[in-house]
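Everything below belongs to query.txt, which stores compact mmCIF, C-alpha atoms.
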# COMPACT_ATOMS: atom_id res chain seq x y z
CA MET A 1 -153.50 176.15 90.08
CA ALA A 2 -150.90 178.28 88.29
CA ARG A 3 -152.00 180.55 85.46
CA ALA A 4 -150.79 179.94 81.90
CA ALA A 5 -148.30 182.59 80.80
CA THR A 6 -146.74 183.06 77.38
CA PRO A 7 -142.93 183.13 76.95
CA GLN A 8 -143.16 186.86 76.13
CA GLN A 9 -145.16 187.57 79.30
CA MET A 10 -142.56 185.74 81.38
CA ALA A 11 -139.70 187.59 79.67
CA ASP A 12 -141.39 190.94 80.34
CA TYR A 13 -142.01 189.92 83.95
CA ARG A 14 -138.37 188.92 84.54
CA ALA A 15 -137.14 192.20 83.07
CA LYS A 16 -139.49 194.23 85.27
CA LEU A 17 -138.57 192.14 88.30
CA ALA A 18 -134.87 192.80 87.69
CA ASP A 19 -135.55 196.54 87.52
CA TYR A 20 -137.60 196.36 90.69
CA ASN A 21 -134.99 194.36 92.60
CA ALA A 22 -132.24 196.78 91.56
CA ALA A 23 -134.29 199.80 92.65
CA ARG A 24 -135.23 198.21 95.98
CA ALA A 25 -131.64 197.19 96.68
CA GLN A 26 -130.50 200.76 96.14
CA TYR A 27 -133.33 202.07 98.33
CA GLN A 28 -132.63 199.58 101.11
CA VAL A 29 -129.12 200.97 101.53
CA LEU A 30 -130.84 203.99 103.10
CA ALA A 31 -133.98 202.32 104.44
CA THR A 32 -132.43 199.41 106.35
CA PRO A 33 -130.47 201.51 108.86
CA TYR A 34 -133.41 203.90 109.27
CA TRP A 35 -135.90 201.15 110.15
CA ALA A 36 -133.33 199.39 112.32
CA GLN A 37 -133.05 202.61 114.33
CA VAL A 38 -136.86 202.87 114.58
CA LYS A 39 -137.01 199.31 115.91
CA ALA A 40 -134.19 199.83 118.41
CA LYS A 41 -135.66 203.05 119.77
CA ARG A 42 -139.10 201.47 120.07
CA ALA A 43 -137.68 198.60 122.12
CA ALA A 44 -135.79 201.07 124.32
CA ARG A 45 -138.95 203.17 124.88
CA PHE A 46 -140.97 200.14 125.88
CA ALA A 47 -138.24 199.14 128.32
CA LYS A 48 -138.21 202.66 129.82
CA ARG A 49 -141.99 202.59 130.24
CA ARG A 50 -141.82 199.27 132.06
CA THR A 51 -139.45 200.86 134.57
CA HIS A 52 -141.46 204.13 134.72
CA HIS A 53 -138.73 206.31 133.21
CA GLU A 54 -139.61 209.52 131.36
CA ILE A 55 -139.85 209.35 127.57
CA THR A 56 -138.31 212.31 125.73
CA LEU A 57 -137.88 213.37 122.11
CA GLU A 58 -134.48 211.69 122.08
CA ASP A 59 -136.27 208.34 122.40
CA TYR A 60 -137.79 208.71 118.91
CA VAL A 61 -136.38 208.87 115.40
CA LEU A 62 -137.11 212.47 114.43
CA THR A 63 -136.35 212.29 110.71
CA GLN A 64 -138.78 211.05 108.08
CA PRO A 65 -138.06 207.71 106.37
CA PRO A 66 -136.42 207.72 102.96
CA ASP A 67 -138.81 207.72 100.00
CA TYR A 68 -138.95 204.84 97.56
CA ALA A 69 -139.51 206.26 94.08
CA GLY A 70 -138.80 203.15 91.99
CA PRO A 71 -141.15 200.80 90.16
CA LYS A 72 -143.73 198.64 91.91
CA ARG A 73 -143.11 194.93 92.28
CA PRO A 74 -144.51 193.25 89.15
CA ILE A 75 -147.10 190.49 89.36
CA ASP A 76 -145.93 187.04 88.29
CA PRO A 77 -148.20 186.09 85.36
CA SER A 78 -147.59 182.39 86.06
CA GLY A 79 -148.52 182.55 89.73
CA PRO A 80 -151.76 181.21 91.17
CA PRO A 81 -154.69 183.63 90.85
CA LYS A 82 -155.62 185.33 94.08
CA GLY A 83 -158.92 184.06 95.40
CA PRO A 84 -161.72 186.36 96.52
CA VAL A 85 -161.90 187.55 100.12
CA PRO A 86 -164.63 185.66 102.05
CA VAL A 87 -167.81 187.67 102.54
CA VAL A 88 -170.84 187.53 104.85
CA ALA A 89 -172.46 184.72 102.86
CA ASP A 90 -169.30 182.64 103.39
CA PHE A 91 -169.22 183.35 107.13
CA LEU A 92 -172.86 182.27 107.42
CA ARG A 93 -172.32 179.12 105.35
CA HIS A 94 -169.27 178.02 107.35
CA ALA A 95 -171.02 178.79 110.66
CA ALA A 96 -173.93 176.55 109.68
CA GLU A 97 -171.76 173.76 108.27
CA GLN A 98 -169.05 173.72 110.95
CA PHE A 99 -171.04 174.53 114.10
CA GLY A 100 -174.72 174.33 113.24
CA PHE A 101 -174.88 178.05 114.06
CA VAL A 102 -177.31 180.52 112.51
CA PRO A 103 -176.92 184.00 114.01
CA ASP A 104 -179.96 185.90 115.22
CA GLN A 105 -179.76 188.85 112.86
CA PRO A 106 -181.80 191.90 113.84
CA ALA A 107 -185.09 192.64 112.13
CA ASP A 108 -184.07 196.28 112.02
CA GLU A 109 -180.67 197.98 112.10
CA ILE A 110 -181.67 200.12 115.08
CA ASP A 111 -182.09 196.95 117.18
CA PHE A 112 -178.41 196.14 116.75
CA LYS A 113 -177.42 199.74 117.49
CA ARG A 114 -179.45 199.66 120.70
CA ALA A 115 -177.88 196.38 121.77
CA TYR A 116 -174.40 197.71 121.01
CA ALA A 117 -175.02 201.01 122.81
CA ARG A 118 -176.31 199.19 125.89
CA ILE A 119 -173.31 196.86 126.08
CA ALA A 120 -170.71 199.50 125.18
CA ALA A 121 -172.01 201.95 127.79
CA ALA A 122 -172.16 199.25 130.48
CA ALA A 123 -168.54 198.37 129.70
CA GLY A 124 -167.46 201.98 130.20
CA LEU A 125 -167.12 203.20 126.62
CA THR A 126 -168.37 206.74 126.13
CA ARG A 127 -170.90 207.73 123.51
CA ASP A 128 -168.27 209.93 121.86
CA GLN A 129 -165.78 207.05 121.61
CA ALA A 130 -168.31 204.57 120.23
CA VAL A 131 -169.98 206.91 117.74
CA ARG A 132 -166.83 208.50 116.35
CA VAL A 133 -164.93 205.21 116.00
CA TYR A 134 -168.02 203.75 114.30
CA GLY A 135 -168.03 206.70 111.93
CA PHE A 136 -164.34 206.28 111.13
CA GLU A 137 -164.34 202.49 110.80
CA ALA A 138 -167.72 201.74 109.25
CA THR A 139 -168.69 205.10 107.75
CA GLY A 140 -171.43 207.13 109.35
CA ASN A 141 -174.09 204.92 107.78
CA GLY A 142 -172.52 201.47 108.13
CA ARG A 143 -174.82 198.57 109.00
CA TYR A 144 -173.97 195.89 111.54
CA ASP A 145 -172.89 193.63 108.65
CA VAL A 146 -170.80 196.21 106.76
CA GLN A 147 -167.58 194.73 105.36
CA ALA A 148 -164.41 196.50 104.21
CA GLY A 149 -164.63 197.26 100.51
CA LEU A 150 -168.41 196.89 100.45
CA GLU A 151 -169.32 199.99 102.44
CA PHE A 152 -171.03 201.55 99.43
CA ASP A 153 -173.33 199.99 96.85
CA LYS A 154 -171.10 200.42 93.80
CA PRO A 155 -170.95 198.23 90.69
CA GLY A 156 -167.97 195.90 90.83
CA ALA A 157 -167.24 196.51 94.53
CA ILE A 158 -165.37 193.64 96.20
CA ALA A 159 -164.43 192.85 99.78
CA ILE A 160 -160.81 193.82 100.51
CA THR A 161 -160.51 192.19 103.95
CA THR A 162 -162.71 190.23 106.35
CA ALA A 163 -163.13 193.39 108.49
CA LEU A 164 -166.75 193.36 109.66
CA GLY A 165 -169.19 195.44 111.69
CA TYR A 166 -169.19 198.74 113.52
CA ASN A 167 -165.54 198.42 114.59
CA GLN A 168 -164.39 196.37 111.59
CA LEU A 169 -163.15 193.20 113.29
CA LEU A 170 -161.04 190.90 111.14
CA SER A 171 -161.75 187.18 111.32
CA THR A 172 -158.47 186.95 113.25
CA ASN A 173 -159.85 189.42 115.81
CA SER A 174 -162.91 187.22 116.29
CA VAL A 175 -160.82 184.10 116.88
CA GLU A 176 -158.47 185.96 119.22
CA LEU A 177 -161.29 187.49 121.25
CA LEU A 178 -162.84 184.06 121.79
CA ALA A 179 -159.46 182.66 122.84
CA GLU A 180 -158.73 185.51 125.24
CA GLN A 181 -162.18 186.66 126.38
CA GLY A 182 -164.16 183.43 126.11
CA ARG A 183 -164.86 183.24 129.83
CA TRP A 184 -166.40 186.72 129.84
CA LEU A 185 -168.57 185.89 126.82
CA VAL A 186 -169.80 182.66 128.43
CA GLU A 187 -170.56 184.32 131.76
CA THR A 188 -172.42 187.13 130.00
CA LEU A 189 -174.65 184.69 128.13
CA LYS A 190 -175.25 182.70 131.32
CA ALA A 191 -176.37 185.86 133.09
CA ARG A 192 -178.82 186.58 130.29
CA MET A 193 -180.13 183.02 130.45
CA ALA A 194 -180.83 183.45 134.15
CA GLU A 195 -183.04 186.45 133.36
CA ALA A 196 -184.78 184.86 130.36
CA SER A 197 -187.57 182.30 130.09
CA GLY A 198 -189.33 180.20 127.51
CA ALA A 199 -188.16 180.29 123.91
CA LYS A 200 -185.58 183.01 124.55
CA ARG A 201 -183.92 181.01 127.31
CA ALA A 202 -183.86 177.90 125.12
CA ALA A 203 -182.31 179.87 122.25
CA LEU A 204 -179.61 181.29 124.54
CA GLU A 205 -178.88 177.85 125.95
CA LYS A 206 -178.35 176.47 122.45
CA LYS A 207 -176.23 179.48 121.51
CA LEU A 208 -174.09 179.04 124.62
CA ALA A 209 -173.33 175.40 123.74
CA ILE A 210 -172.21 176.45 120.26
CA LEU A 211 -170.15 179.32 121.63
CA GLU A 212 -168.29 176.97 123.95
CA LYS A 213 -167.38 174.75 120.97
CA MET A 214 -166.11 177.78 119.10
CA ILE A 215 -164.04 178.88 122.10
CA ALA A 216 -162.50 175.42 122.35
CA PHE A 217 -161.43 175.66 118.71
CA ALA A 218 -160.00 179.17 119.20
CA ARG A 219 -158.00 177.94 122.20
CA SER A 220 -156.66 174.84 120.46
CA VAL A 221 -153.50 176.75 119.55
CA ARG A 222 -151.14 178.93 121.59
CA ASP A 223 -152.35 182.50 122.21
CA ASP A 224 -150.44 184.02 119.31
CA TRP A 225 -151.71 186.40 116.61
CA ASN A 226 -150.05 184.50 113.74
CA LEU A 227 -151.56 181.20 114.89
CA HIS A 228 -154.95 182.83 115.34
CA GLU A 229 -154.65 184.24 111.82
CA GLN A 230 -154.09 180.74 110.45
CA HIS A 231 -157.11 179.50 112.42
CA ALA A 232 -159.21 182.42 111.16
CA GLY A 233 -158.70 181.45 107.52
CA THR A 234 -160.10 177.94 107.97
CA PRO A 235 -163.80 177.07 107.52
CA ARG A 236 -164.21 176.89 111.31
CA GLY A 237 -162.47 180.22 111.83
CA LEU A 238 -164.63 181.89 109.19
CA GLY A 239 -167.68 180.35 110.86
CA ILE A 240 -166.66 181.94 114.16
CA HIS A 241 -166.59 185.34 112.42
CA ALA A 242 -170.35 185.02 111.88
CA LEU A 243 -170.80 185.67 115.62
CA ASN A 244 -170.45 189.37 114.78
CA LEU A 245 -173.81 189.18 112.98
CA ASP A 246 -175.65 187.85 116.03
CA VAL A 247 -177.59 190.47 117.99
CA ASP A 248 -176.68 188.82 121.31
CA ILE A 249 -172.96 188.15 120.74
CA GLY A 250 -171.96 190.58 117.97
CA PRO A 251 -172.23 193.71 120.15
CA LEU A 252 -170.13 191.96 122.81
CA LEU A 253 -167.32 191.27 120.34
CA GLN A 254 -167.47 194.75 118.81
CA THR A 255 -167.37 196.32 122.27
CA GLN A 256 -164.55 194.13 123.53
CA LYS A 257 -162.34 195.10 120.59
CA LEU A 258 -162.34 198.72 121.82
CA LEU A 259 -162.50 197.90 125.53
CA THR A 260 -159.24 195.95 125.30
CA SER A 261 -157.47 199.16 124.27
CA VAL A 262 -159.18 201.24 126.96
CA VAL A 263 -158.11 198.76 129.64
CA PHE A 264 -154.57 198.63 128.22
CA ALA A 265 -154.22 202.40 128.54
CA ARG A 266 -155.82 202.47 132.00
CA GLN A 267 -153.44 199.81 133.31
CA ARG A 268 -150.54 202.00 132.22
CA GLY A 269 -151.71 205.03 134.13
CA THR A 270 -154.06 206.88 131.79
CA THR A 271 -156.78 208.29 134.01
CA LYS A 272 -158.79 210.51 131.65
CA PRO A 273 -160.96 208.94 128.93
CA LEU A 274 -159.20 208.42 125.63
CA THR A 275 -160.45 210.63 122.84
CA ALA A 276 -161.99 208.72 119.95
CA SER A 277 -159.01 209.49 117.73
CA GLU A 278 -156.58 208.27 120.41
CA LEU A 279 -158.60 205.08 120.74
CA GLU A 280 -158.49 204.68 116.97
CA MET A 281 -154.68 204.97 117.02
CA MET A 282 -154.58 201.95 119.33
CA ASN A 283 -157.02 200.19 117.03
CA LEU A 284 -154.89 201.07 114.00
CA THR A 285 -151.37 200.32 115.19
CA GLY A 286 -151.94 197.89 118.07
CA ASP A 287 -152.24 198.70 121.74
CA GLY A 288 -148.51 199.03 122.43
CA ASN A 289 -147.73 201.39 119.56
CA GLY A 290 -151.03 203.22 119.93
CA TYR A 291 -150.43 203.86 123.61
CA ASP A 292 -146.97 205.14 122.69
CA MET A 293 -148.79 207.91 120.80
CA VAL A 294 -151.54 208.42 123.36
CA ALA A 295 -149.06 208.95 126.21
CA MET A 296 -147.15 211.59 124.26
CA PRO A 297 -147.52 215.31 125.21
CA GLN A 298 -148.93 217.60 122.52
CA ASP A 299 -145.65 219.42 121.83
CA MET A 300 -143.95 216.09 121.12
CA ARG A 301 -146.82 214.90 118.92
CA GLU A 302 -146.08 217.77 116.53
CA LYS A 303 -142.46 216.66 116.10
CA VAL A 304 -142.49 212.85 116.15
CA PRO A 305 -142.90 211.10 112.76
CA THR A 306 -145.59 208.44 112.46
CA SER A 307 -142.95 206.02 111.16
CA ASN A 308 -141.93 205.42 114.79
CA PHE A 309 -145.07 203.32 115.31
CA PHE A 310 -144.87 201.02 112.30
CA THR A 311 -142.65 198.40 110.75
CA GLN A 312 -141.24 199.27 107.34
CA SER A 313 -143.76 197.04 105.58
CA GLY A 314 -146.68 198.36 107.64
CA TYR A 315 -145.70 201.97 106.94
CA GLU A 316 -145.23 201.40 103.22
CA HIS A 317 -148.73 199.91 103.03
CA ASN A 318 -150.34 202.79 104.96
CA PRO A 319 -150.63 205.88 102.73
CA VAL A 320 -152.63 207.72 105.42
CA ALA A 321 -149.70 207.53 107.87
CA GLN A 322 -147.34 208.61 105.10
CA ARG A 323 -149.41 211.65 104.14
CA ASN A 324 -149.99 212.65 107.75
CA ASN A 325 -146.41 212.06 108.78
CA THR A 326 -146.40 213.28 112.38
CA VAL A 327 -148.49 212.09 115.31
CA ALA A 328 -150.31 215.42 115.51
CA LYS A 329 -151.17 215.37 111.80
CA LEU A 330 -152.40 211.78 111.94
CA LEU A 331 -154.65 212.45 114.92
CA ALA A 332 -155.98 215.64 113.27
CA ALA A 333 -156.72 213.79 110.02
CA THR A 334 -158.52 211.07 111.97
CA ASP A 335 -160.61 213.67 113.80
CA THR A 336 -161.53 215.31 110.48
CA VAL A 337 -162.91 212.03 109.14
CA MET A 338 -164.72 211.38 112.42
CA ASP A 339 -166.28 214.85 112.36
CA ARG A 340 -167.63 214.27 108.86
CA GLU A 341 -168.88 210.71 109.31
CA SER A 342 -170.41 211.33 112.74
CA ALA A 343 -172.79 213.84 111.18
CA LEU A 344 -174.45 211.13 109.06
CA SER A 345 -177.75 209.51 109.97
CA GLY A 346 -176.38 206.11 111.06
CA ALA A 347 -174.00 207.75 113.53
CA LYS A 348 -176.81 209.96 114.81
CA ASP A 349 -178.96 206.86 115.35
CA LEU A 350 -176.17 205.24 117.35
CA ALA A 351 -175.72 208.39 119.43
CA ALA A 352 -179.45 208.45 120.13
CA ALA A 353 -179.34 204.78 121.15
CA PHE A 354 -176.90 205.71 123.94
CA GLY A 355 -179.56 208.02 125.31
CA GLU A 356 -182.25 205.32 125.33
CA ARG A 357 -180.59 203.06 127.88

Spit out the file's structure as structure tokens when you get a sec.
Amino acid sequence: MARAATPQQMADYRAKLADYNAARAQYQVLATPYWAQVKAKRAARFAKRRTHHEITLEDYVLTQPPDYAGPKRPIDPSGPPKGPVPVVADFLRHAAEQFGFVPDQPADEIDFKRAYARIAAAAGLTRDQAVRVYGFEATGNGRYDVQAGLEFDKPGAIAITTALGYNQLLSTNSVELLAEQGRWLVETLKARMAEASGAKRAALEKKLAILEKMIAFARSVRDDWNLHEQHAGTPRGLGIHALNLDVDIGPLLQTQKLLTSVVFARQRGTTKPLTASELEMMNLTGDGNGYDMVAMPQDMREKVPTSNFFTQSGYEHNPVAQRNNTVAKLLAATDTVMDRESALSGAKDLAAAFGER
């Protein structure tokens, strides 16, 4: 429902909007050709990589994007109020209502860390990768149910996205992983069932039946991020996101989010393990753009602007990439955060869990 706005509020809004539109139009005279060049060079680089041609500095835009110094876009006072971002309680409610699913949440945080460490290590992730990405994404003390915006117990804190868990999966990530990796998840649970007995086997059998229903829903649309995002915002999609809270399935999803990037890089010829900050670049910008940075020699990293790996909108909404405006600076800033957060007790507990396998 639209909000009630007074004539004066609407007049002020229209005046501010006119100022904003004029400033943006003037800015776009410079920005449009810059971002068109970024897009064209990115497409050319990807084509060269597919044919195994060498990538050089000439394949990147080496100037920084123009700065926008005008006013921010004003908020329409008559528009519908923005609803709150769904939180863990919503994921749990939708899971129960839509699928009859209640996740097995751990009695103690260390139980989830041990389960995650066991699965991540078996999948080939290193302790350094897992611990440092956990520190960067979920803070060095983040619980298995930590959500973006609610990392710290502060008055008035609100969720800013659906990003959840050690590696901060969005609800769209959860839907996409079920659509793309459903077979692996099912086979993993079946293997555990074969080793279990009694009540645990019965619980896994019930969980498997629910998981298969969730996978069917995730696969009911074409494998496309935008379609998965639409799915993820529905009650059923939000219910699927509750899988991240389950001690059997959550670690699998959190692991697979990182493993997808590791496999992507390996398939393109990367033989040495990715550093945690390199892995985070793939997590941050997507596998294609992230690998574009990972494959770059150090001397090029110091010269190539981070704008080469974003769209205009994505870059303008990422102040970290703007402040650290070359690949080398962005990786160094990421490592600095990882160094700090990995020294906290939660990260140390996760590191120790890797040694308990």

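Of the residues listed (A:Asp12, A:Glu54, A:Asp67, A:Asp299), A:Asp67 shows the shortest atom-to-atom separation from Tyr27 in chain A; distances use all atoms listed in the file.
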
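Taking all atoms listed in the file, the non-local environment of Val221 in chain A within 10 Å (same-chain residues fewer than 3 positions away omitted) comprises Ala179, Ala216, Phe217, Ala218, Asp224, Leu227, His228, Gln230 and His231 of chain A.
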
Near-Ala117 in chain A list (12 Å; only C-alpha atoms; drop same-chain fewer than 2 positions) as a PyMOL selection string: chain A and resi 110-115+119-131+134+166+247+250-252+254-255+347+349-357

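Of the residues listed (A:Lys213, A:Arg340, A:Lys190, A:Arg236), A:Arg236 shows the shortest atom-to-atom separation from Leu92 in chain A; distances use all atoms listed in the file.
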
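If you look at CA of Tyr13 in chain A and CA of Ile160 in chain A, they are 25.4 Å away from each other.
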
Neighbour list for range 328-334 of chain A as a ChimeraX atom specification, cut-off 6 Å, all atoms listed in the file, skip fewer than 5 positions in-chain: /A:277,301-302

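Shortest atom-to-atom contact with Pro81 in chain A among A:Leu62, A:Leu245, A:Ala11, A:Ala4: A:Ala4, counting all atoms listed in the file.
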
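Of note, CA of Arg132 in chain A and CA of Leu258 in chain A are spaced 12.1 Å apart.
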
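Interatomic distance, CA of Glu280 in chain A against CA of Val133 in chain A: 6.5 Å.
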
Could you list, as number ranges by chain, every residue within 12 Å of Thr139 in chain A, counting only C-alpha atoms and ignoring same-chain residues fewer than 5 positions away? A: 131-134, 144, 146-152, 165-168, 337-348

Centre and edges of the range 178-194 of chain A box, axis-aligned, 8 Å extra per side, as lines of an AutoDock Vina configuration file:
center_x = -169.8
center_y = 184.9
center_z = 128.0
size_x = 38.1
size_y = 20.5
size_z = 28.4

Pick out the residues sitting within 9 Å of Ala31 in chain A, and hand them over as a PDB file with C-alpha atoms, keeping the file's coordinate frame; count only C-alpha atoms, and ignore anything fewer than 6 positions along from it in its own chain.
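Saved result, around_39.pdb, follows:
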ATOM      1  CA  PRO A  65    -138.060 207.710 106.370  1.00  0.00           C
ATOM      2  CA  PRO A  66    -136.420 207.720 102.960  1.00  0.00           C
ATOM      3  CA  ASP A  67    -138.810 207.720 100.000  1.00  0.00           C
ATOM      4  CA  TYR A  68    -138.950 204.840  97.560  1.00  0.00           C
ATOM      5  CA  GLN A 312    -141.240 199.270 107.340  1.00  0.00           C
TER       6      GLN A 312
END

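Distances here use all atoms listed in the file; by that measure, the residue among A:Thr326, A:Asn141, A:Thr336, A:Ser171 closest to Ile240 in chain A is A:Ser171.
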
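Candidate residues A:Glu278, A:Glu195, A:Glu212, A:Asp90 were compared for distance to Gly290 in chain A, and the nearest is A:Glu278, using only C-alpha atoms.
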
Using only C-alpha atoms, the residue out of A:Ala242, A:Ala265, A:Leu253, A:Val304 with shortest distance to Gln181 in chain A is A:Leu253

Around (-138.2, 196.0, 110.6) in the file's own coordinates, what residues are found within 8 Å if you use only C-alpha atoms, given back as a PyMOL selection string? chain A and resi 32+35-36+39+311-313

Selecting N, CA and C atoms, how would range 309-331 of chain A from this structure be written as a JSON list (two decimals), in the first residue's frame?
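This is the output file decode-v3.json:
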[["chain", "number", "residue", "atom", "x", "y", "z"],
["A", 309, "PHE", "N", 35.84, -5.46, -13.12],
["A", 309, "PHE", "CA", 35.20, -6.71, -12.72],
["A", 309, "PHE", "C", 33.78, -6.51, -12.21],
["A", 310, "PHE", "N", 33.23, -5.31, -12.47],
["A", 310, "PHE", "CA", 31.89, -4.98, -12.03],
["A", 310, "PHE", "C", 31.09, -4.35, -13.16],
["A", 311, "THR", "N", 29.78, -4.36, -13.01],
["A", 311, "THR", "CA", 28.93, -3.48, -13.81],
["A", 311, "THR", "C", 28.96, -2.10, -13.16],
["A", 312, "GLN", "N", 28.45, -1.11, -13.85],
["A", 312, "GLN", "CA", 28.41, 0.23, -13.26],
["A", 312, "GLN", "C", 27.62, 0.24, -11.96],
["A", 313, "SER", "N", 26.43, -0.38, -11.98],
["A", 313, "SER", "CA", 25.59, -0.40, -10.78],
["A", 313, "SER", "C", 26.28, -1.15, -9.64],
["A", 314, "GLY", "N", 26.87, -2.31, -9.96],
["A", 314, "GLY", "CA", 27.55, -3.09, -8.93],
["A", 314, "GLY", "C", 28.70, -2.34, -8.30],
["A", 315, "TYR", "N", 29.46, -1.61, -9.13],
["A", 315, "TYR", "CA", 30.60, -0.85, -8.63],
["A", 315, "TYR", "C", 30.14, 0.31, -7.75],
["A", 316, "GLU", "N", 29.10, 1.00, -8.20],
["A", 316, "GLU", "CA", 28.61, 2.16, -7.45],
["A", 316, "GLU", "C", 28.02, 1.76, -6.10],
["A", 317, "HIS", "N", 27.61, 0.50, -5.96],
["A", 317, "HIS", "CA", 27.07, 0.02, -4.70],
["A", 317, "HIS", "C", 28.11, -0.74, -3.87],
["A", 318, "ASN", "N", 29.38, -0.66, -4.27],
["A", 318, "ASN", "CA", 30.44, -1.38, -3.55],
["A", 318, "ASN", "C", 31.53, -0.39, -3.14],
["A", 319, "PRO", "N", 31.37, 0.28, -2.00],
["A", 319, "PRO", "CA", 32.37, 1.26, -1.57],
["A", 319, "PRO", "C", 33.74, 0.65, -1.30],
["A", 320, "VAL", "N", 33.78, -0.64, -0.94],
["A", 320, "VAL", "CA", 35.08, -1.28, -0.68],
["A", 320, "VAL", "C", 35.90, -1.35, -1.97],
["A", 321, "ALA", "N", 35.26, -1.73, -3.08],
["A", 321, "ALA", "CA", 35.96, -1.79, -4.37],
["A", 321, "ALA", "C", 36.35, -0.40, -4.85],
["A", 322, "GLN", "N", 35.57, 0.61, -4.49],
["A", 322, "GLN", "CA", 35.91, 1.97, -4.88],
["A", 322, "GLN", "C", 37.11, 2.49, -4.10],
["A", 323, "ARG", "N", 37.13, 2.21, -2.79],
["A", 323, "ARG", "CA", 38.26, 2.68, -1.97],
["A", 323, "ARG", "C", 39.54, 1.95, -2.33],
["A", 324, "ASN", "N", 39.43, 0.67, -2.57],
["A", 324, "ASN", "CA", 40.60, -0.16, -2.91],
["A", 324, "ASN", "C", 40.53, -0.41, -4.41],
["A", 325, "ASN", "N", 40.96, 0.60, -5.18],
["A", 325, "ASN", "CA", 40.57, 0.67, -6.59],
["A", 325, "ASN", "C", 41.50, -0.02, -7.58],
["A", 326, "THR", "N", 42.39, -0.88, -7.10],
["A", 326, "THR", "CA", 43.12, -1.78, -7.98],
["A", 326, "THR", "C", 42.98, -3.19, -7.42],
["A", 327, "VAL", "N", 43.26, -4.18, -8.25],
["A", 327, "VAL", "CA", 43.14, -5.56, -7.81],
["A", 327, "VAL", "C", 44.05, -5.83, -6.62],
["A", 328, "ALA", "N", 45.28, -5.33, -6.67],
["A", 328, "ALA", "CA", 46.23, -5.55, -5.58],
["A", 328, "ALA", "C", 45.73, -4.94, -4.28],
["A", 329, "LYS", "N", 45.18, -3.74, -4.35],
["A", 329, "LYS", "CA", 44.68, -3.08, -3.15],
["A", 329, "LYS", "C", 43.48, -3.81, -2.57],
["A", 330, "LEU", "N", 42.60, -4.29, -3.44],
["A", 330, "LEU", "CA", 41.41, -4.99, -2.97],
["A", 330, "LEU", "C", 41.78, -6.31, -2.29],
["A", 331, "LEU", "N", 42.71, -7.04, -2.87],
["A", 331, "LEU", "CA", 43.16, -8.29, -2.26],
["A", 331, "LEU", "C", 43.85, -8.02, -0.92]]
